[in-house]
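Each remark here refers to the structure printed beneath this line.
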Amino acid sequence: MPEEKKPLDFATWLAALKQCRRCRLCETRTQAVAGEYREKPMVFMLGEAPGGREDQEGRPFCGQAGGILDDFLRLAGLKREEVYISNVVKCRPTRPSSRGIYGSYANRKPAPDEIKTCSPWLELELRLLSPKLLVTLGGVPLSYVMGESAAVGRYHGQAFYWRTHNVWVYPLYHPAALIYDASKKAAYEQDVRNLGEFCRELTANPETWQQKLVEERKA
Ligand code: URA
């Protein structure tokens, strides 16, 4: 973990992340995966953890779920180059499998202790990039933000403010949810259109949103 004493920059943070051996995931990973640097991105999209393809290529969301994410970004009127994409856990969580497409492991969800051990990386990443809007993709990042187990089915499409990082949060289903459950497609597409609208409003009228916060604090 980089020293906190001097001001941190993204390149130093990334170089330190690539060397991380804080948990067991370093033993089976090819590499730790983070997003491609953007200066002050408006939108930070946060997934759960890299899968096999991401582990090999070193880029988040470049596999099947990434293809769906690209379609959604288009629907929201956002370009992949203008958003920052990363994950709660930076190394691929695996379980042994004889049917793994990427080596002798299959993907699995990150365990609570892996999320906790990895969290200082995400905390620094959020501070370094200070986005205006954090889009959580699935239950793992939403639960991280809310500090308790949270069901996306209950919160998707409803923006709320996260004081810790001074950022609006917009929960979405994980793109991979659509691979397994096509019935979520209509709800997801509506959420994504609303997300595009929310981004445009946030950019055009930041004071309106600031005012909403002031009112919320008074209430
Ligand atoms: N799923 C995620 O949550 N993150 C990735 O990077 C890829 C798939």
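We name chains A, B, ... following the order of the structure tokens; residues begin at 1 in each chain, and ligands are numbered from 1 as shown.
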query: Near Leu172 (chain A), counting only C-alpha atoms, which residues have an atom at most 6 Å away, once you skip same-chain residues fewer than 2 positions from it, shown as a list in words?
result: Thr136, Leu137 and His156 of chain A
- prompt: Quick one: residues within 12 Å of ligand 1, with only C-alpha atoms and all ligand atoms, as a PyMOL selection string?
  reply: chain A and resi 32-35+45-69+84-93+107-110+136-142+172-177+179
Please produce a file of those selected residues containing C-alpha atoms, as an mmCIF file, in the first residue's frame.
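The result, stored in part-v9.cif:
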```
data_model
loop_
_atom_site.group_PDB
_atom_site.id
_atom_site.type_symbol
_atom_site.label_atom_id
_atom_site.label_comp_id
_atom_site.auth_asym_id
_atom_site.auth_seq_id
_atom_site.Cartn_x
_atom_site.Cartn_y
_atom_site.Cartn_z
ATOM 1 C CA ALA A 32 -4.308 -7.148 -10.538
ATOM 2 C CA VAL A 33 -6.815 -5.227 -12.680
ATOM 3 C CA ALA A 34 -7.836 -1.550 -12.447
ATOM 4 C CA GLY A 35 -9.303 0.997 -14.845
ATOM 5 C CA MET A 45 -18.532 2.422 -12.898
ATOM 6 C CA LEU A 46 -17.879 -0.124 -10.188
ATOM 7 C CA GLY A 47 -18.195 -3.880 -10.755
ATOM 8 C CA GLU A 48 -17.452 -6.729 -8.381
ATOM 9 C CA ALA A 49 -14.177 -8.373 -9.452
ATOM 10 C CA PRO A 50 -12.277 -9.308 -12.624
ATOM 11 C CA GLY A 51 -13.214 -12.538 -14.404
ATOM 12 C CA GLY A 52 -10.932 -14.840 -16.395
ATOM 13 C CA ARG A 53 -10.671 -12.652 -19.485
ATOM 14 C CA GLU A 54 -10.033 -9.504 -17.422
ATOM 15 C CA ASP A 55 -7.347 -11.352 -15.449
ATOM 16 C CA GLN A 56 -5.581 -12.268 -18.692
ATOM 17 C CA GLU A 57 -5.926 -8.937 -20.486
ATOM 18 C CA GLY A 58 -5.514 -6.682 -17.441
ATOM 19 C CA ARG A 59 -8.597 -4.566 -18.333
ATOM 20 C CA PRO A 60 -11.940 -4.513 -16.479
ATOM 21 C CA PHE A 61 -15.076 -5.653 -18.303
ATOM 22 C CA CYS A 62 -13.447 -6.873 -21.506
ATOM 23 C CA GLY A 63 -15.276 -10.268 -21.508
ATOM 24 C CA GLN A 64 -18.925 -11.136 -22.171
ATOM 25 C CA ALA A 65 -20.290 -8.848 -19.422
ATOM 26 C CA GLY A 66 -18.136 -6.056 -20.899
ATOM 27 C CA GLY A 67 -19.915 -6.398 -24.267
ATOM 28 C CA ILE A 68 -23.259 -5.883 -22.505
ATOM 29 C CA LEU A 69 -21.831 -2.936 -20.574
ATOM 30 C CA TYR A 84 -13.679 5.154 -15.494
ATOM 31 C CA ILE A 85 -14.396 1.448 -14.904
ATOM 32 C CA SER A 86 -13.077 -0.641 -12.028
ATOM 33 C CA ASN A 87 -14.066 -3.284 -9.465
ATOM 34 C CA VAL A 88 -14.454 -3.621 -5.695
ATOM 35 C CA VAL A 89 -11.891 -6.454 -5.684
ATOM 36 C CA LYS A 90 -8.903 -6.022 -7.986
ATOM 37 C CA CYS A 91 -7.833 -9.662 -8.475
ATOM 38 C CA ARG A 92 -9.844 -12.506 -9.949
ATOM 39 C CA PRO A 93 -11.552 -14.712 -7.310
ATOM 40 C CA ASN A 107 -14.759 -17.464 -11.484
ATOM 41 C CA ARG A 108 -16.547 -17.029 -8.171
ATOM 42 C CA LYS A 109 -17.895 -14.120 -6.130
ATOM 43 C CA PRO A 110 -15.371 -12.361 -3.894
ATOM 44 C CA THR A 136 -22.629 0.331 -8.955
ATOM 45 C CA LEU A 137 -22.945 -2.790 -11.106
ATOM 46 C CA GLY A 138 -24.576 -5.549 -9.072
ATOM 47 C CA GLY A 139 -24.932 -6.411 -5.406
ATOM 48 C CA VAL A 140 -21.271 -6.524 -4.361
ATOM 49 C CA PRO A 141 -20.469 -2.838 -5.039
ATOM 50 C CA LEU A 142 -23.892 -1.680 -3.830
ATOM 51 C CA LEU A 172 -27.673 -0.874 -11.665
ATOM 52 C CA TYR A 173 -27.977 -4.623 -12.040
ATOM 53 C CA HIS A 174 -24.715 -6.325 -12.951
ATOM 54 C CA PRO A 175 -24.507 -6.635 -16.769
ATOM 55 C CA ALA A 176 -23.936 -10.390 -16.393
ATOM 56 C CA ALA A 177 -27.371 -10.661 -14.716
ATOM 57 C CA ILE A 179 -26.867 -13.290 -19.483
#
```
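Shortest atom-to-atom contact with Ala16 (chain A) among A:Arg95, A:Asp113, A:Thr28, A:Trp121: A:Trp121, counting only C-alpha atoms.
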Mind checking which residues fall within 7 Å of Leu134 (chain A), counting only C-alpha atoms, ignoring those fewer than 2 positions away in the same chain, and posting them as a short mmCIF file (atom, residue, chain, number, x, y, z; two decimals) with N, CA and C atoms, in the first residue's frame?
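around_18.cif was written with the following content:
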```cif
data_model
loop_
_atom_site.label_atom_id
_atom_site.label_comp_id
_atom_site.auth_asym_id
_atom_site.auth_seq_id
_atom_site.Cartn_x
_atom_site.Cartn_y
_atom_site.Cartn_z
N VAL A 43 -18.02 9.99 -14.39
CA VAL A 43 -18.66 8.73 -14.00
C VAL A 43 -17.62 7.64 -13.70
N PHE A 44 -17.82 6.97 -12.57
CA PHE A 44 -16.97 5.84 -12.17
C PHE A 44 -17.92 4.65 -12.12
N MET A 45 -17.68 3.62 -12.94
CA MET A 45 -18.53 2.42 -12.90
C MET A 45 -17.81 1.36 -12.09
N PRO A 131 -14.91 11.12 -8.65
CA PRO A 131 -15.99 11.23 -9.66
C PRO A 131 -17.21 11.93 -9.09
N LYS A 132 -18.11 12.36 -9.97
CA LYS A 132 -19.36 12.99 -9.52
C LYS A 132 -20.43 11.91 -9.31
N THR A 136 -22.96 1.66 -9.48
CA THR A 136 -22.63 0.33 -8.96
C THR A 136 -23.27 -0.73 -9.85
N VAL A 167 -20.24 11.82 -3.46
CA VAL A 167 -20.54 11.35 -4.82
C VAL A 167 -21.99 10.83 -4.87
N TRP A 168 -22.66 11.06 -5.99
CA TRP A 168 -23.97 10.43 -6.20
C TRP A 168 -23.76 8.98 -6.59
N VAL A 169 -24.64 8.13 -6.11
CA VAL A 169 -24.53 6.69 -6.43
C VAL A 169 -25.77 6.29 -7.21
N TYR A 170 -25.56 5.56 -8.30
CA TYR A 170 -26.68 5.10 -9.12
C TYR A 170 -26.57 3.58 -9.26
#
```
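What separates CA of Tyr155 (chain A) from CA of Leu25 (chain A) is a distance of 29.8 Å.
CA of Glu197 (chain A) is found 25.4 Å from CA of Asp181 (chain A).
For Tyr161 (chain A), the residues within 12 Å (counting only C-alpha atoms, excluding itself and residues fewer than 3 positions away along the chain) are Lys132, Leu133, Leu134, Val135, Val145, Met146, Gln158, Thr164, His165, Asn166, Val167, Trp168, Val169, Tyr170, Pro171, Trp209, Gln210, Lys212, Leu213, Val214, Glu216 and Arg217 of chain A.
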Hey, can you spit out that residue selection with C-alpha atoms as a PDB file, in the first residue's frame?
```pdb
ATOM      1  CA  LYS A 132     -19.364  12.986  -9.515  1.00  0.00           C
ATOM      2  CA  LEU A 133     -21.326   9.802 -10.065  1.00  0.00           C
ATOM      3  CA  LEU A 134     -20.595   6.239  -8.989  1.00  0.00           C
ATOM      4  CA  VAL A 135     -22.550   3.592 -10.899  1.00  0.00           C
ATOM      5  CA  VAL A 145     -21.318   1.474  -0.557  1.00  0.00           C
ATOM      6  CA  MET A 146     -24.275   0.862   1.754  1.00  0.00           C
ATOM      7  CA  GLN A 158     -32.702   5.097  -7.540  1.00  0.00           C
ATOM      8  CA  THR A 164     -18.047   9.532   2.534  1.00  0.00           C
ATOM      9  CA  HIS A 165     -16.884  10.201  -1.013  1.00  0.00           C
ATOM     10  CA  ASN A 166     -19.056  13.180  -1.857  1.00  0.00           C
ATOM     11  CA  VAL A 167     -20.539  11.349  -4.815  1.00  0.00           C
ATOM     12  CA  TRP A 168     -23.970  10.432  -6.197  1.00  0.00           C
ATOM     13  CA  VAL A 169     -24.534   6.690  -6.427  1.00  0.00           C
ATOM     14  CA  TYR A 170     -26.680   5.103  -9.122  1.00  0.00           C
ATOM     15  CA  PRO A 171     -27.305   1.352  -8.601  1.00  0.00           C
ATOM     16  CA  TRP A 209     -28.264  18.733  -7.228  1.00  0.00           C
ATOM     17  CA  GLN A 210     -26.237  20.592  -4.647  1.00  0.00           C
ATOM     18  CA  LYS A 212     -31.222  18.934  -3.210  1.00  0.00           C
ATOM     19  CA  LEU A 213     -28.472  17.878  -0.810  1.00  0.00           C
ATOM     20  CA  VAL A 214     -28.787  21.005   1.283  1.00  0.00           C
ATOM     21  CA  GLU A 216     -32.000  16.736   2.359  1.00  0.00           C
ATOM     22  CA  ARG A 217     -29.642  17.725   5.172  1.00  0.00           C
TER      23      ARG A 217
END
```
task: Step one, run DSSP on the backbone; step two, keep only residues of region 92-172 of chain A assigned to alpha helix (DSSP H); then write them as a PyMOL selection string.
output: chain A and resi 112-129+139-146+152-155
Take the residues from that selection and write them out as an mmCIF file, in the first residue's frame, keeping N, CA and C atoms.
```cif
data_model
loop_
_atom_site.group_PDB
_atom_site.id
_atom_site.type_symbol
_atom_site.label_atom_id
_atom_site.label_comp_id
_atom_site.auth_asym_id
_atom_site.auth_seq_id
_atom_site.Cartn_x
_atom_site.Cartn_y
_atom_site.Cartn_z
ATOM 1 N N PRO A 112 -16.223 -12.101 1.687
ATOM 2 C CA PRO A 112 -16.217 -10.881 2.522
ATOM 3 C C PRO A 112 -14.817 -10.473 2.979
ATOM 4 N N ASP A 113 -13.966 -11.424 3.370
ATOM 5 C CA ASP A 113 -12.625 -11.024 3.848
ATOM 6 C C ASP A 113 -11.774 -10.491 2.691
ATOM 7 N N GLU A 114 -11.999 -10.989 1.472
ATOM 8 C CA GLU A 114 -11.251 -10.465 0.311
ATOM 9 C C GLU A 114 -11.690 -9.024 0.012
ATOM 10 N N ILE A 115 -12.997 -8.780 0.146
ATOM 11 C CA ILE A 115 -13.516 -7.422 -0.093
ATOM 12 C C ILE A 115 -12.921 -6.460 0.935
ATOM 13 N N LYS A 116 -12.891 -6.909 2.185
ATOM 14 C CA LYS A 116 -12.374 -6.041 3.258
ATOM 15 C C LYS A 116 -10.867 -5.772 3.051
ATOM 16 N N THR A 117 -10.125 -6.800 2.741
ATOM 17 C CA THR A 117 -8.672 -6.627 2.598
ATOM 18 C C THR A 117 -8.345 -5.740 1.397
ATOM 19 N N CYS A 118 -9.178 -5.827 0.366
ATOM 20 C CA CYS A 118 -8.916 -5.047 -0.852
ATOM 21 C C CYS A 118 -9.424 -3.601 -0.727
ATOM 22 N N SER A 119 -10.278 -3.330 0.254
ATOM 23 C CA SER A 119 -10.976 -2.031 0.286
ATOM 24 C C SER A 119 -10.064 -0.801 0.317
ATOM 25 N N PRO A 120 -8.877 -0.836 0.953
ATOM 26 C CA PRO A 120 -8.044 0.383 0.924
ATOM 27 C C PRO A 120 -7.670 0.810 -0.505
ATOM 28 N N TRP A 121 -7.588 -0.164 -1.426
ATOM 29 C CA TRP A 121 -7.273 0.205 -2.820
ATOM 30 C C TRP A 121 -8.414 1.002 -3.427
ATOM 31 N N LEU A 122 -9.627 0.544 -3.181
ATOM 32 C CA LEU A 122 -10.792 1.248 -3.733
ATOM 33 C C LEU A 122 -10.959 2.621 -3.076
ATOM 34 N N GLU A 123 -10.725 2.670 -1.772
ATOM 35 C CA GLU A 123 -10.865 3.954 -1.073
ATOM 36 C C GLU A 123 -9.905 4.986 -1.678
ATOM 37 N N LEU A 124 -8.653 4.570 -1.908
ATOM 38 C CA LEU A 124 -7.674 5.497 -2.503
ATOM 39 C C LEU A 124 -8.051 5.842 -3.942
ATOM 40 N N GLU A 125 -8.529 4.837 -4.669
ATOM 41 C CA GLU A 125 -8.909 5.037 -6.076
ATOM 42 C C GLU A 125 -10.016 6.096 -6.178
ATOM 43 N N LEU A 126 -11.009 6.007 -5.269
ATOM 44 C CA LEU A 126 -12.103 6.988 -5.281
ATOM 45 C C LEU A 126 -11.588 8.378 -4.926
ATOM 46 N N ARG A 127 -10.665 8.430 -3.964
ATOM 47 C CA ARG A 127 -10.125 9.748 -3.582
ATOM 48 C C ARG A 127 -9.285 10.348 -4.697
ATOM 49 N N LEU A 128 -8.540 9.497 -5.404
ATOM 50 C CA LEU A 128 -7.687 9.988 -6.494
ATOM 51 C C LEU A 128 -8.503 10.524 -7.663
ATOM 52 N N LEU A 129 -9.631 9.863 -7.953
ATOM 53 C CA LEU A 129 -10.386 10.212 -9.157
ATOM 54 C C LEU A 129 -11.545 11.169 -8.875
ATOM 55 N N GLY A 139 -24.759 -6.458 -6.857
ATOM 56 C CA GLY A 139 -24.932 -6.411 -5.406
ATOM 57 C C GLY A 139 -23.652 -6.174 -4.629
ATOM 58 N N VAL A 140 -22.520 -6.654 -5.132
ATOM 59 C CA VAL A 140 -21.271 -6.524 -4.361
ATOM 60 C C VAL A 140 -20.888 -5.051 -4.179
ATOM 61 N N PRO A 141 -20.813 -4.250 -5.255
ATOM 62 C CA PRO A 141 -20.469 -2.838 -5.039
ATOM 63 C C PRO A 141 -21.557 -2.055 -4.304
ATOM 64 N N LEU A 142 -22.823 -2.402 -4.538
ATOM 65 C CA LEU A 142 -23.892 -1.680 -3.830
ATOM 66 C C LEU A 142 -23.792 -1.955 -2.323
ATOM 67 N N SER A 143 -23.553 -3.204 -1.960
ATOM 68 C CA SER A 143 -23.424 -3.551 -0.541
ATOM 69 C C SER A 143 -22.201 -2.872 0.062
ATOM 70 N N TYR A 144 -21.142 -2.745 -0.728
ATOM 71 C CA TYR A 144 -19.938 -2.057 -0.240
ATOM 72 C C TYR A 144 -20.291 -0.609 0.132
ATOM 73 N N VAL A 145 -20.979 0.066 -0.775
ATOM 74 C CA VAL A 145 -21.318 1.474 -0.557
ATOM 75 C C VAL A 145 -22.268 1.617 0.635
ATOM 76 N N MET A 146 -23.256 0.728 0.712
ATOM 77 C CA MET A 146 -24.275 0.862 1.754
ATOM 78 C C MET A 146 -23.788 0.338 3.105
ATOM 79 N N VAL A 152 -29.971 -5.517 -5.088
ATOM 80 C CA VAL A 152 -30.096 -4.572 -6.206
ATOM 81 C C VAL A 152 -31.545 -4.453 -6.646
ATOM 82 N N GLY A 153 -32.287 -5.564 -6.553
ATOM 83 C CA GLY A 153 -33.695 -5.560 -6.962
ATOM 84 C C GLY A 153 -34.484 -4.462 -6.252
ATOM 85 N N ARG A 154 -34.065 -4.095 -5.052
ATOM 86 C CA ARG A 154 -34.790 -3.081 -4.287
ATOM 87 C C ARG A 154 -34.328 -1.653 -4.631
ATOM 88 N N TYR A 155 -33.060 -1.491 -4.991
ATOM 89 C CA TYR A 155 -32.497 -0.133 -5.124
ATOM 90 C C TYR A 155 -32.184 0.303 -6.555
#
```
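With only C-alpha atoms as the basis for measurement, A:Lys79 is the residue among A:Arg29, A:Glu207, A:Lys79, A:Trp162 that approaches Met42 (chain A) most closely.
From CA of Ala186 (chain A) back to CA of Asp71 (chain A), the distance works out to 13.6 Å.
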query: Looking at only C-alpha atoms, which of A:Val192, A:Cys199, A:Ala204, A:Ala187 is the one that sits closest to Phe72 (chain A)?
result: A:Val192
